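File shown here: start-v5.cif, holding mmCIF, C-alpha atoms and all ligand atoms.
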data_upload
loop_
_atom_site.group_PDB
_atom_site.id
_atom_site.type_symbol
_atom_site.label_atom_id
_atom_site.label_comp_id
_atom_site.auth_asym_id
_atom_site.auth_seq_id
_atom_site.Cartn_x
_atom_site.Cartn_y
_atom_site.Cartn_z
ATOM 1 C CA MET A 21 94.802 113.181 86.418
ATOM 2 C CA PRO A 22 97.730 115.267 87.717
ATOM 3 C CA VAL A 23 98.334 115.394 91.453
ATOM 4 C CA GLU A 24 98.050 118.898 92.906
ATOM 5 C CA GLY A 25 101.435 120.621 93.074
ATOM 6 C CA GLN A 26 102.913 118.377 90.349
ATOM 7 C CA HIS A 27 103.714 119.653 86.863
ATOM 8 C CA ARG A 28 101.207 118.485 84.275
ATOM 9 C CA ARG A 29 102.603 116.121 81.688
ATOM 10 C CA ARG A 30 102.881 117.772 78.292
ATOM 11 C CA ALA A 31 101.615 116.641 74.893
ATOM 12 C CA LEU A 32 101.812 117.894 71.315
ATOM 13 C CA VAL A 33 99.333 117.260 68.497
ATOM 14 C CA VAL A 34 100.458 118.394 65.059
ATOM 15 C CA GLY A 35 97.262 118.819 63.040
ATOM 16 C CA GLY A 36 95.100 118.841 66.168
ATOM 17 C CA SER A 37 92.699 121.634 65.220
ATOM 18 C CA THR A 38 90.224 119.301 63.481
ATOM 19 C CA GLY A 39 89.538 115.675 62.596
ATOM 20 C CA LEU A 40 91.363 112.692 64.077
ATOM 21 C CA GLY A 41 94.081 114.879 65.562
ATOM 22 C CA ARG A 42 91.415 116.854 67.403
ATOM 23 C CA GLY A 43 89.953 113.595 68.734
ATOM 24 C CA VAL A 44 93.394 112.710 70.129
ATOM 25 C CA ALA A 45 93.982 116.231 71.510
ATOM 26 C CA ASP A 46 90.612 116.200 73.338
ATOM 27 C CA ALA A 47 91.306 112.740 74.775
ATOM 28 C CA TRP A 48 94.752 113.771 76.013
ATOM 29 C CA ALA A 49 93.243 116.894 77.609
ATOM 30 C CA ASP A 50 90.670 114.558 79.279
ATOM 31 C CA SER A 51 93.650 112.582 80.609
ATOM 32 C CA GLY A 52 94.980 115.718 82.304
ATOM 33 C CA LEU A 53 97.776 116.433 79.819
ATOM 34 C CA ASP A 54 98.754 119.989 78.932
ATOM 35 C CA VAL A 55 98.135 119.794 75.155
ATOM 36 C CA LEU A 56 99.706 122.075 72.561
ATOM 37 C CA VAL A 57 98.196 122.017 69.050
ATOM 38 C CA LEU A 58 100.115 123.127 65.960
ATOM 39 C CA SER A 59 97.980 123.936 62.917
ATOM 40 C CA ARG A 60 97.076 126.872 60.702
ATOM 41 C CA SER A 61 93.678 127.498 62.274
ATOM 42 C CA ALA A 62 92.776 127.499 65.959
ATOM 43 C CA PRO A 63 90.812 124.643 67.519
ATOM 44 C CA THR A 64 87.195 125.731 68.000
ATOM 45 C CA GLY A 65 84.047 124.347 69.622
ATOM 46 C CA PRO A 66 83.542 122.372 72.838
ATOM 47 C CA GLY A 67 86.797 121.687 74.694
ATOM 48 C CA ALA A 68 88.896 124.048 72.585
ATOM 49 C CA ASP A 69 89.571 126.213 75.638
ATOM 50 C CA ARG A 70 91.522 123.287 77.180
ATOM 51 C CA LEU A 71 94.000 123.224 74.290
ATOM 52 C CA ARG A 72 96.924 125.561 73.771
ATOM 53 C CA TRP A 73 97.522 126.490 70.143
ATOM 54 C CA THR A 74 100.379 127.995 68.174
ATOM 55 C CA ALA A 75 99.588 129.004 64.600
ATOM 56 C CA THR A 76 101.855 126.894 62.374
ATOM 57 C CA ASP A 77 101.798 126.293 58.650
ATOM 58 C CA LEU A 78 103.827 123.154 57.998
ATOM 59 C CA THR A 79 104.879 124.526 54.623
ATOM 60 C CA ASP A 80 106.554 127.519 56.321
ATOM 61 C CA SER A 81 109.904 126.406 57.737
ATOM 62 C CA ASP A 82 110.241 129.358 60.173
ATOM 63 C CA GLN A 83 106.798 128.729 61.655
ATOM 64 C CA VAL A 84 107.438 124.978 61.984
ATOM 65 C CA ALA A 85 110.792 125.599 63.670
ATOM 66 C CA ARG A 86 109.167 128.012 66.154
ATOM 67 C CA GLY A 87 106.199 125.749 66.935
ATOM 68 C CA LEU A 88 108.297 122.621 67.413
ATOM 69 C CA ALA A 89 110.887 124.482 69.510
ATOM 70 C CA GLU A 90 108.091 125.637 71.829
ATOM 71 C CA ALA A 91 106.787 122.067 72.099
ATOM 72 C CA ALA A 92 110.212 120.536 72.730
ATOM 73 C CA ALA A 93 111.406 123.148 75.255
ATOM 74 C CA ALA A 94 110.420 120.813 78.135
ATOM 75 C CA PRO A 95 109.872 117.028 78.435
ATOM 76 C CA LEU A 96 106.993 115.648 76.377
ATOM 77 C CA HIS A 97 104.871 112.689 77.468
ATOM 78 C CA ALA A 98 103.005 112.227 74.176
ATOM 79 C CA VAL A 99 103.150 113.447 70.580
ATOM 80 C CA CYS A 100 100.661 112.807 67.777
ATOM 81 C CA TYR A 101 101.193 113.593 64.095
ATOM 82 C CA SER A 102 97.858 113.832 62.277
ATOM 83 C CA ALA A 103 98.369 116.697 59.797
ATOM 84 C CA VAL A 104 97.450 115.879 56.232
ATOM 85 C CA HIS A 105 97.144 117.430 52.813
ATOM 86 C CA TYR A 106 94.766 115.167 50.906
ATOM 87 C CA GLY A 107 94.832 117.200 47.715
ATOM 88 C CA ALA A 108 92.052 118.846 45.768
ATOM 89 C CA GLY A 109 90.441 115.563 44.787
ATOM 90 C CA ARG A 110 91.195 112.150 43.371
ATOM 91 C CA ALA A 111 93.040 112.321 40.059
ATOM 92 C CA LEU A 112 94.903 109.892 37.853
ATOM 93 C CA PHE A 113 98.689 110.227 38.053
ATOM 94 C CA ARG A 114 98.846 111.714 34.545
ATOM 95 C CA ASP A 115 96.585 114.567 35.703
ATOM 96 C CA CYS A 116 98.453 115.322 38.936
ATOM 97 C CA GLU A 117 100.171 118.665 39.395
ATOM 98 C CA GLU A 118 103.719 118.837 40.781
ATOM 99 C CA THR A 119 102.668 121.600 43.215
ATOM 100 C CA GLU A 120 100.085 119.268 44.765
ATOM 101 C CA TRP A 121 102.647 116.466 45.092
ATOM 102 C CA ARG A 122 105.116 118.810 46.808
ATOM 103 C CA ARG A 123 102.437 119.936 49.253
ATOM 104 C CA GLN A 124 101.559 116.307 50.079
ATOM 105 C CA ILE A 125 105.247 115.605 50.715
ATOM 106 C CA ASP A 126 105.622 118.782 52.815
ATOM 107 C CA VAL A 127 102.593 118.169 55.035
ATOM 108 C CA ASN A 128 102.230 114.366 55.097
ATOM 109 C CA LEU A 129 105.932 113.411 55.175
ATOM 110 C CA HIS A 130 108.420 116.237 55.726
ATOM 111 C CA GLY A 131 106.355 117.664 58.607
ATOM 112 C CA LEU A 132 106.407 114.210 60.204
ATOM 113 C CA TRP A 133 110.197 113.975 59.770
ATOM 114 C CA LEU A 134 110.661 117.405 61.358
ATOM 115 C CA THR A 135 108.318 116.566 64.233
ATOM 116 C CA LEU A 136 110.169 113.310 64.944
ATOM 117 C CA SER A 137 113.514 115.019 64.687
ATOM 118 C CA ARG A 138 112.613 117.876 67.064
ATOM 119 C CA THR A 139 110.431 116.027 69.594
ATOM 120 C CA LEU A 140 112.140 112.652 70.137
ATOM 121 C CA PRO A 141 114.746 114.227 72.478
ATOM 122 C CA ALA A 142 111.921 115.780 74.550
ATOM 123 C CA LEU A 143 110.054 112.434 74.614
ATOM 124 C CA ARG A 144 113.233 110.762 75.908
ATOM 125 C CA ARG A 145 113.349 113.283 78.764
ATOM 126 C CA ALA A 146 109.853 112.361 80.002
ATOM 127 C CA ASP A 147 109.539 110.756 83.464
ATOM 128 C CA ALA A 148 107.901 107.685 81.849
ATOM 129 C CA PRO A 149 108.673 106.517 78.293
ATOM 130 C CA GLY A 150 107.248 109.101 75.915
ATOM 131 C CA VAL A 151 104.869 107.895 73.220
ATOM 132 C CA PHE A 152 104.737 109.014 69.568
ATOM 133 C CA LEU A 153 101.426 108.294 67.805
ATOM 134 C CA GLY A 154 101.428 108.476 64.001
ATOM 135 C CA ILE A 155 98.032 108.562 62.282
ATOM 136 C CA SER A 156 98.208 106.146 59.378
ATOM 137 C CA SER A 157 95.718 105.057 56.718
ATOM 138 C CA GLU A 158 94.487 101.981 54.866
ATOM 139 C CA VAL A 159 96.004 103.611 51.777
ATOM 140 C CA VAL A 160 99.448 102.694 53.173
ATOM 141 C CA TYR A 161 98.576 99.014 52.537
ATOM 142 C CA ASN A 162 96.138 99.293 49.636
ATOM 143 C CA ALA A 163 97.397 102.209 47.478
ATOM 144 C CA GLY A 164 94.919 102.661 44.644
ATOM 145 C CA PRO A 165 93.942 104.645 41.573
ATOM 146 C CA GLY A 166 93.480 108.380 41.906
ATOM 147 C CA ARG A 167 95.437 108.822 45.110
ATOM 148 C CA SER A 168 99.081 108.175 44.200
ATOM 149 C CA GLY A 169 100.510 111.222 46.006
ATOM 150 C CA TYR A 170 98.491 110.686 49.162
ATOM 151 C CA ALA A 171 99.279 106.943 49.170
ATOM 152 C CA ALA A 172 103.005 107.414 48.501
ATOM 153 C CA SER A 173 103.453 110.134 51.128
ATOM 154 C CA LYS A 174 101.479 108.216 53.766
ATOM 155 C CA ALA A 175 103.337 104.963 53.016
ATOM 156 C CA ALA A 176 106.698 106.730 53.304
ATOM 157 C CA GLY A 177 105.608 108.255 56.618
ATOM 158 C CA SER A 178 104.608 104.850 57.929
ATOM 159 C CA VAL A 179 107.964 103.307 56.994
ATOM 160 C CA LEU A 180 109.753 106.271 58.561
ATOM 161 C CA LEU A 181 107.905 105.582 61.831
ATOM 162 C CA ASP A 182 108.673 101.850 61.585
ATOM 163 C CA SER A 183 112.362 102.597 61.092
ATOM 164 C CA VAL A 184 112.468 104.863 64.144
ATOM 165 C CA ALA A 185 110.607 102.230 66.186
ATOM 166 C CA GLN A 186 113.074 99.534 65.135
ATOM 167 C CA GLU A 187 116.065 101.727 65.994
ATOM 168 C CA GLU A 188 114.586 102.280 69.444
ATOM 169 C CA SER A 189 114.061 98.543 69.964
ATOM 170 C CA ALA A 190 117.599 97.792 68.793
ATOM 171 C CA GLU A 191 119.094 100.263 71.277
ATOM 172 C CA ALA A 192 117.134 99.070 74.301
ATOM 173 C CA PRO A 193 115.356 95.788 73.546
ATOM 174 C CA GLY A 194 112.176 95.622 75.634
ATOM 175 C CA ALA A 195 113.064 98.778 77.577
ATOM 176 C CA GLU A 196 112.506 101.563 75.078
ATOM 177 C CA ALA A 197 112.961 105.145 76.299
ATOM 178 C CA LEU A 198 110.115 106.055 73.977
ATOM 179 C CA ARG A 199 107.457 104.149 72.099
ATOM 180 C CA VAL A 200 106.194 104.564 68.559
ATOM 181 C CA VAL A 201 102.646 103.500 67.675
ATOM 182 C CA GLN A 202 100.690 103.865 64.438
ATOM 183 C CA ALA A 203 96.895 103.891 64.288
ATOM 184 C CA LEU A 204 94.475 103.981 61.374
ATOM 185 C CA PRO A 205 90.692 104.029 61.171
ATOM 186 C CA ALA A 206 88.759 100.905 60.175
ATOM 187 C CA GLU A 207 86.386 103.015 58.058
ATOM 188 C CA MET A 208 86.111 106.523 56.685
ATOM 189 C CA VAL A 209 85.993 109.205 59.397
ATOM 190 C CA ASP A 210 83.753 112.263 59.221
ATOM 191 C CA THR A 211 86.294 115.112 59.322
ATOM 192 C CA PRO A 212 86.524 118.581 57.780
ATOM 193 C CA GLY A 213 89.291 117.326 55.468
ATOM 194 C CA ILE A 214 87.008 114.606 54.077
ATOM 195 C CA ARG A 215 83.963 116.892 53.927
ATOM 196 C CA ARG A 216 85.882 119.272 51.660
ATOM 197 C CA ARG A 217 86.098 116.402 49.149
ATOM 198 C CA ARG A 218 82.445 115.304 49.223
ATOM 199 C CA PRO A 219 79.428 116.785 47.410
ATOM 200 C CA GLU A 220 76.834 118.808 49.297
ATOM 201 C CA GLY A 221 74.153 116.650 50.871
ATOM 202 C CA PHE A 222 76.472 113.620 51.204
ATOM 203 C CA ASP A 223 75.297 111.095 53.823
ATOM 204 C CA TYR A 224 77.963 110.660 56.529
ATOM 205 C CA SER A 225 75.892 108.353 58.745
ATOM 206 C CA ALA A 226 78.136 105.329 58.020
ATOM 207 C CA TYR A 227 81.312 107.284 58.806
ATOM 208 C CA MET A 228 83.221 107.018 62.097
ATOM 209 C CA SER A 229 83.660 109.965 64.454
ATOM 210 C CA PRO A 230 87.122 111.364 65.332
ATOM 211 C CA ALA A 231 86.133 110.729 68.973
ATOM 212 C CA SER A 232 86.557 106.978 68.215
ATOM 213 C CA PHE A 233 90.310 107.572 68.629
ATOM 214 C CA GLY A 234 89.708 108.782 72.214
ATOM 215 C CA PRO A 235 89.954 105.399 74.006
ATOM 216 C CA LEU A 236 93.267 104.497 72.324
ATOM 217 C CA ALA A 237 94.678 107.974 72.985
ATOM 218 C CA ARG A 238 93.682 107.766 76.658
ATOM 219 C CA GLU A 239 95.253 104.292 76.911
ATOM 220 C CA LEU A 240 98.512 105.585 75.416
ATOM 221 C CA ALA A 241 98.529 108.512 77.859
ATOM 222 C CA ALA A 242 97.902 106.217 80.825
ATOM 223 C CA THR A 243 100.333 103.423 79.912
ATOM 224 C CA SER A 244 102.924 105.322 77.815
ATOM 225 C CA GLY A 245 102.120 102.808 75.087
ATOM 226 C CA ALA A 246 103.417 99.810 77.071
ATOM 227 C CA GLY A 247 103.080 96.647 74.990
ATOM 228 C CA LEU A 248 102.209 98.629 71.845
ATOM 229 C CA HIS A 249 105.667 99.800 70.688
ATOM 230 C CA GLY A 250 105.955 99.304 66.917
ATOM 231 C CA ALA A 251 102.291 98.315 66.533
ATOM 232 C CA HIS A 252 100.013 99.276 63.652
ATOM 233 C CA LEU A 253 96.528 99.413 65.187
ATOM 234 C CA VAL A 254 93.170 99.546 63.419
ATOM 235 C CA VAL A 255 90.630 101.590 65.414
ATOM 236 C CA ASP A 256 86.938 100.947 64.798
ATOM 237 C CA GLY A 257 83.846 103.086 65.325
ATOM 238 C CA THR A 258 83.330 101.754 68.855
ATOM 239 C CA GLY A 259 86.812 102.885 69.887
ATOM 240 C CA ALA A 260 88.152 99.308 70.038
ATOM 241 C CA TRP A 261 91.424 98.462 68.296
ATOM 242 C CA HIS A 262 93.295 95.453 66.922
ATOM 243 C CA PRO A 263 96.646 94.904 65.159
ATOM 244 C CA VAL A 264 96.498 95.470 61.423
ATOM 245 C CA GLY A 265 97.542 91.844 60.831
ATOM 246 C CA GLU A 266 94.249 90.674 62.353
ATOM 247 C CA GLY A 267 92.103 92.585 59.881
ATOM 248 C CA LEU A 268 93.101 95.224 57.372
ATOM 249 C CA PRO A 269 90.512 97.915 56.547
ATOM 250 C CA ARG A 270 88.995 97.489 53.117
ATOM 251 C CA SER A 271 90.363 99.675 50.358
ATOM 252 C CA GLN A 272 88.601 102.994 49.796
ATOM 253 C CA SER A 273 89.787 103.001 46.164
ATOM 254 C CA ARG A 274 87.326 103.638 43.401
ATOM 255 C CA THR A 275 87.542 104.166 39.688
ATOM 256 C CA VAL A 276 88.739 107.624 38.658
ATOM 257 C CA ARG A 277 88.246 109.152 35.237
ATOM 258 C CA SER A 278 90.967 111.207 33.609
ATOM 259 C CA ARG A 279 90.255 114.937 33.643
ATOM 260 C CA ALA A 280 91.292 114.970 29.989
ATOM 261 C CA ALA A 281 88.490 112.507 29.161
ATOM 262 C CA SER A 282 85.787 114.299 31.155
HETATM 263 N N1 LIG B 301 89.228 111.021 57.672
HETATM 264 C C1 LIG B 301 89.434 109.789 57.236
HETATM 265 O O1 LIG B 301 88.518 109.076 56.776
HETATM 266 C C2 LIG B 301 90.819 109.208 57.320
HETATM 267 C C3 LIG B 301 90.992 107.873 56.888
HETATM 268 C C4 LIG B 301 92.269 107.311 56.979
HETATM 269 C C5 LIG B 301 93.315 108.034 57.516
HETATM 270 N N2 LIG B 301 93.111 109.327 57.908
HETATM 271 C C6 LIG B 301 94.267 110.073 58.421
HETATM 272 O O2 LIG B 301 93.870 110.853 59.525
HETATM 273 C C7 LIG B 301 94.712 111.993 59.622
HETATM 274 C C8 LIG B 301 93.867 113.226 59.825
HETATM 275 O O3 LIG B 301 92.973 113.360 58.732
HETATM 276 P P1 LIG B 301 91.590 114.123 58.924
HETATM 277 O O4 LIG B 301 90.630 113.499 57.978
HETATM 278 O O5 LIG B 301 91.287 114.215 60.360
HETATM 279 O O6 LIG B 301 91.953 115.552 58.313
HETATM 280 P P2 LIG B 301 91.499 117.043 58.676
HETATM 281 O O7 LIG B 301 90.191 117.103 59.367
HETATM 282 O O8 LIG B 301 91.657 117.809 57.405
HETATM 283 O O9 LIG B 301 92.631 117.505 59.698
HETATM 284 C C9 LIG B 301 93.921 117.711 59.222
HETATM 285 C C10 LIG B 301 94.726 118.492 60.227
HETATM 286 O O10 LIG B 301 95.960 118.850 59.579
HETATM 287 C C11 LIG B 301 96.152 120.252 59.701
HETATM 288 N N3 LIG B 301 96.874 120.759 58.544
HETATM 289 C C12 LIG B 301 96.599 120.563 57.228
HETATM 290 N N4 LIG B 301 97.478 121.248 56.470
HETATM 291 C C13 LIG B 301 98.317 121.886 57.337
HETATM 292 C C14 LIG B 301 99.417 122.758 57.174
HETATM 293 N N5 LIG B 301 99.854 123.139 55.957
HETATM 294 N N6 LIG B 301 100.042 123.221 58.274
HETATM 295 C C15 LIG B 301 99.614 122.868 59.517
HETATM 296 N N7 LIG B 301 98.576 122.049 59.739
HETATM 297 C C16 LIG B 301 97.935 121.567 58.656
HETATM 298 C C17 LIG B 301 94.735 120.836 59.786
HETATM 299 O O11 LIG B 301 94.752 122.068 60.453
HETATM 300 P P3 LIG B 301 94.539 123.501 59.743
HETATM 301 O O12 LIG B 301 93.630 123.302 58.577
HETATM 302 O O13 LIG B 301 93.982 124.315 60.862
HETATM 303 O O14 LIG B 301 95.924 123.900 59.346
HETATM 304 C C18 LIG B 301 94.058 119.791 60.668
HETATM 305 O O15 LIG B 301 94.356 120.050 62.022
HETATM 306 C C19 LIG B 301 95.561 112.014 58.362
HETATM 307 O O16 LIG B 301 96.834 111.510 58.694
HETATM 308 C C20 LIG B 301 94.861 111.059 57.424
HETATM 309 O O17 LIG B 301 95.768 110.426 56.545
HETATM 310 C C21 LIG B 301 91.898 109.931 57.818
#
Using structure tokens, write down the structure from this file.
Amino acid sequence: MPVEGQHRRRALVVGGSTGLGRGVADAWADSGLDVLVLSRSAPTGPGADRLRWTATDLTDSDQVARGLAEAAAAPLHAVCYSAVHYGAGRALFRDCEETEWRRQIDVNLHGLWLTLSRTLPALRRADAPGVFLGISSEVVYNAGPGRSGYAASKAAGSVLLDSVAQEESAEAPGAEALRVVQALPAEMVDTPGIRRRRPEGFDYSAYMSPASFGPLARELAATSGAGLHGAHLVVDGTGAWHPVGEGLPRSQSRTVRSRAAS
């Protein structure tokens, strides 16, 4: 928690209005950080009053520039990128629309590039090493039928984060000015983005909660990600985490029928 009279450390969550990003934003607010959320809709519900929000559509370059400039105007202690465009539904590559692909690239990849580009200088100015948390997915490792655009954009984002992490390590081996960490859920997570893709009456009881990302987010806020730079962490429903090499989440792929055949 901040000491009275001291400035609160600042954090940014891109895509923090709902889902996993919201879980991270709430946890960082619990840790005493001054959290700014960028998303199209405002955070709502319990705890939303602790979050600052600037309306930002990642497909609108003026809005993104404004939102990221606001975030990077002062040192940042922590940044999370969780925004995602899943797409309307699973579809075979031959049935995919170019407009959907471009939106996946804009939100899942280009938004991440812009956020890295605009916020890394502010993370370097933090009083302790700043930490950048990228929300990854099992699809990065498993790919799969019916989700080519989502898989490709998420995999590219993950490699982008790895490249930045490696550059940081090369510049200051063991003494990084900022740390880059990726985290992915061990199972499906019950989020608005997933609910939009499920039929009414679907049973979510086996799904994880976005709050499962709270313990890792609080750890990153407290330690600035010490010992976790460059890691890919799998977070389970209890909030525990392990490196991806010690147990990859199972693939969520399933057979998809061509729209033309249905
Ligand atoms: N849920 C799962 O089971 C699961 C599994 C593996 C990985 N993940 C990963 O977890 C992350 C979050 O997914 P989620 O399921 O939590 O999704 P979600 O509930 O749909 O949240 C997505 C966030 O992205 C924001 N967003 C989407 N389009 C945007 C745009 N054009 N401009 C600005 N913000 C935009 C949304 O805010 P607005 O709608 O307010 O704009 C929201 O804050 C993603 O990186 C995903 O790959 C999720």
Pick out the residues no farther than 6 Å from ligand LIG 301 (chain B), counting only C-alpha atoms and all ligand atoms, and list them as a VMD selection string.
chain A and resid 35 to 41 59 to 61 76 to 79 102 to 105 127 155 to 157 204 to 205 208 to 214
Spatial neighbours of stretch 245-255 of chain A, max dist 6 Å, all atoms listed in the file, sep filter under 4 positions, as a PDB file with C-alpha atoms, in the frame of the given file:
ATOM      1  CA  ALA A 185     110.607 102.230  66.186  1.00  0.00           C
ATOM      2  CA  ARG A 199     107.457 104.149  72.099  1.00  0.00           C
ATOM      3  CA  VAL A 200     106.194 104.564  68.559  1.00  0.00           C
ATOM      4  CA  VAL A 201     102.646 103.500  67.675  1.00  0.00           C
ATOM      5  CA  GLN A 202     100.690 103.865  64.438  1.00  0.00           C
ATOM      6  CA  ALA A 203      96.895 103.891  64.288  1.00  0.00           C
ATOM      7  CA  LEU A 204      94.475 103.981  61.374  1.00  0.00           C
ATOM      8  CA  PRO A 205      90.692 104.029  61.171  1.00  0.00           C
ATOM      9  CA  ALA A 206      88.759 100.905  60.175  1.00  0.00           C
ATOM     10  CA  LEU A 240      98.512 105.585  75.416  1.00  0.00           C
ATOM     11  CA  ALA A 260      88.152  99.308  70.038  1.00  0.00           C
ATOM     12  CA  TRP A 261      91.424  98.462  68.296  1.00  0.00           C
ATOM     13  CA  HIS A 262      93.295  95.453  66.922  1.00  0.00           C
ATOM     14  CA  PRO A 263      96.646  94.904  65.159  1.00  0.00           C
ATOM     15  CA  VAL A 264      96.498  95.470  61.423  1.00  0.00           C
TER      16      VAL A 264
END
Kindly provide, as an mmCIF file with C-alpha atoms, keeping the file's coordinate frame, the polymer residues lying within 6 Å of (101.1, 113.9, 72.9), counting only C-alpha atoms and using the coordinates exactly as they appear in the file.
data_model
loop_
_atom_site.group_PDB
_atom_site.id
_atom_site.type_symbol
_atom_site.label_atom_id
_atom_site.label_comp_id
_atom_site.auth_asym_id
_atom_site.auth_seq_id
_atom_site.Cartn_x
_atom_site.Cartn_y
_atom_site.Cartn_z
ATOM 1 C CA ALA A 31 101.615 116.641 74.893
ATOM 2 C CA LEU A 32 101.812 117.894 71.315
ATOM 3 C CA VAL A 33 99.333 117.260 68.497
ATOM 4 C CA ALA A 98 103.005 112.227 74.176
ATOM 5 C CA VAL A 99 103.150 113.447 70.580
ATOM 6 C CA CYS A 100 100.661 112.807 67.777
#
With 10 Å as the threshold, what does the neighbourhood of (87.6, 120.2, 72.0) contain in terms of residues, counting only C-alpha atoms? Coordinates are those of the file; answer as a list in words.
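Every residue inside that radius is included here: Gly36, Ser37, Thr38, Arg42, Gly43, Val44, Ala45, Asp46, Ala47, Ala49, Asp50, Pro63, Thr64, Gly65, Pro66, Gly67, Ala68, Asp69, Arg70 and Leu71 of chain A.
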Name the residues that the PyMOL selection byres (((chain A and resi 225-228) around 7) and not hetatm) pulls out of this structure, and write them as a ChimeraX atom specification.
/A:207-210,223-224,229-230,232,257
Quick one: of A:Val34, A:Arg122, A:Tyr101, A:Ser273, who's nearest to A:Thr74, counting only C-alpha atoms?
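Once distances to A:Thr74 are computed over only C-alpha atoms, the minimum belongs to A:Val34.
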Picked residues, the PyMOL selection byres (((chain A and resi 111) around 12) and not hetatm), as number ranges by chain
A: 106-110, 112-117, 120-121, 164-170, 273-282
Extending 6 Å beyond the listed atoms of stretch 111-114 of chain A on each side, what axis-aligned box results? I want centre and edge lengths in Å to one decimal, as lines of an AutoDock Vina configuration file.
center_x = 95.9
center_y = 111.1
center_z = 37.3
size_x = 17.8
size_y = 14.4
size_z = 17.5
What would stretch 126-143 of chain A look like with N, CA and C atoms restored, written as a PDB file, in the frame of the given file?
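To be explicit, this is the file written out as result-v8.pdb:
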ATOM      1  N   ASP A 126     105.335 117.827  51.726  1.00  0.00           N
ATOM      2  CA  ASP A 126     105.622 118.782  52.815  1.00  0.00           C
ATOM      3  C   ASP A 126     104.791 118.479  54.056  1.00  0.00           C
ATOM      4  N   VAL A 127     103.484 118.299  53.864  1.00  0.00           N
ATOM      5  CA  VAL A 127     102.593 118.169  55.035  1.00  0.00           C
ATOM      6  C   VAL A 127     102.563 116.731  55.545  1.00  0.00           C
ATOM      7  N   ASN A 128     102.432 115.755  54.656  1.00  0.00           N
ATOM      8  CA  ASN A 128     102.230 114.366  55.097  1.00  0.00           C
ATOM      9  C   ASN A 128     103.528 113.680  55.514  1.00  0.00           C
ATOM     10  N   LEU A 129     104.663 114.123  54.940  1.00  0.00           N
ATOM     11  CA  LEU A 129     105.932 113.411  55.175  1.00  0.00           C
ATOM     12  C   LEU A 129     107.011 114.286  55.818  1.00  0.00           C
ATOM     13  N   HIS A 130     107.324 115.423  55.185  1.00  0.00           N
ATOM     14  CA  HIS A 130     108.420 116.237  55.726  1.00  0.00           C
ATOM     15  C   HIS A 130     108.057 116.796  57.104  1.00  0.00           C
ATOM     16  N   GLY A 131     106.797 117.182  57.288  1.00  0.00           N
ATOM     17  CA  GLY A 131     106.355 117.664  58.607  1.00  0.00           C
ATOM     18  C   GLY A 131     106.513 116.582  59.660  1.00  0.00           C
ATOM     19  N   LEU A 132     106.231 115.339  59.273  1.00  0.00           N
ATOM     20  CA  LEU A 132     106.407 114.210  60.204  1.00  0.00           C
ATOM     21  C   LEU A 132     107.881 114.038  60.546  1.00  0.00           C
ATOM     22  N   TRP A 133     108.746 114.110  59.535  1.00  0.00           N
ATOM     23  CA  TRP A 133     110.197 113.975  59.770  1.00  0.00           C
ATOM     24  C   TRP A 133     110.674 115.055  60.741  1.00  0.00           C
ATOM     25  N   LEU A 134     110.241 116.299  60.489  1.00  0.00           N
ATOM     26  CA  LEU A 134     110.661 117.405  61.358  1.00  0.00           C
ATOM     27  C   LEU A 134     110.150 117.200  62.779  1.00  0.00           C
ATOM     28  N   THR A 135     108.900 116.754  62.898  1.00  0.00           N
ATOM     29  CA  THR A 135     108.318 116.566  64.233  1.00  0.00           C
ATOM     30  C   THR A 135     109.066 115.472  64.990  1.00  0.00           C
ATOM     31  N   LEU A 136     109.370 114.363  64.305  1.00  0.00           N
ATOM     32  CA  LEU A 136     110.169 113.310  64.944  1.00  0.00           C
ATOM     33  C   LEU A 136     111.528 113.867  65.378  1.00  0.00           C
ATOM     34  N   SER A 137     112.158 114.541  64.438  1.00  0.00           N
ATOM     35  CA  SER A 137     113.514 115.019  64.687  1.00  0.00           C
ATOM     36  C   SER A 137     113.570 115.974  65.881  1.00  0.00           C
ATOM     37  N   ARG A 138     112.577 116.860  65.999  1.00  0.00           N
ATOM     38  CA  ARG A 138     112.613 117.876  67.064  1.00  0.00           C
ATOM     39  C   ARG A 138     112.024 117.382  68.384  1.00  0.00           C
ATOM     40  N   THR A 139     111.112 116.391  68.336  1.00  0.00           N
ATOM     41  CA  THR A 139     110.431 116.027  69.594  1.00  0.00           C
ATOM     42  C   THR A 139     110.960 114.739  70.239  1.00  0.00           C
ATOM     43  N   LEU A 140     111.663 113.888  69.493  1.00  0.00           N
ATOM     44  CA  LEU A 140     112.140 112.652  70.137  1.00  0.00           C
ATOM     45  C   LEU A 140     113.035 112.948  71.345  1.00  0.00           C
ATOM     46  N   PRO A 141     113.942 113.948  71.274  1.00  0.00           N
ATOM     47  CA  PRO A 141     114.746 114.227  72.478  1.00  0.00           C
ATOM     48  C   PRO A 141     113.868 114.609  73.673  1.00  0.00           C
ATOM     49  N   ALA A 142     112.807 115.372  73.441  1.00  0.00           N
ATOM     50  CA  ALA A 142     111.921 115.780  74.550  1.00  0.00           C
ATOM     51  C   ALA A 142     111.107 114.586  75.053  1.00  0.00           C
ATOM     52  N   LEU A 143     110.760 113.649  74.172  1.00  0.00           N
ATOM     53  CA  LEU A 143     110.054 112.434  74.614  1.00  0.00           C
ATOM     54  C   LEU A 143     110.981 111.569  75.468  1.00  0.00           C
TER      55      LEU A 143
END
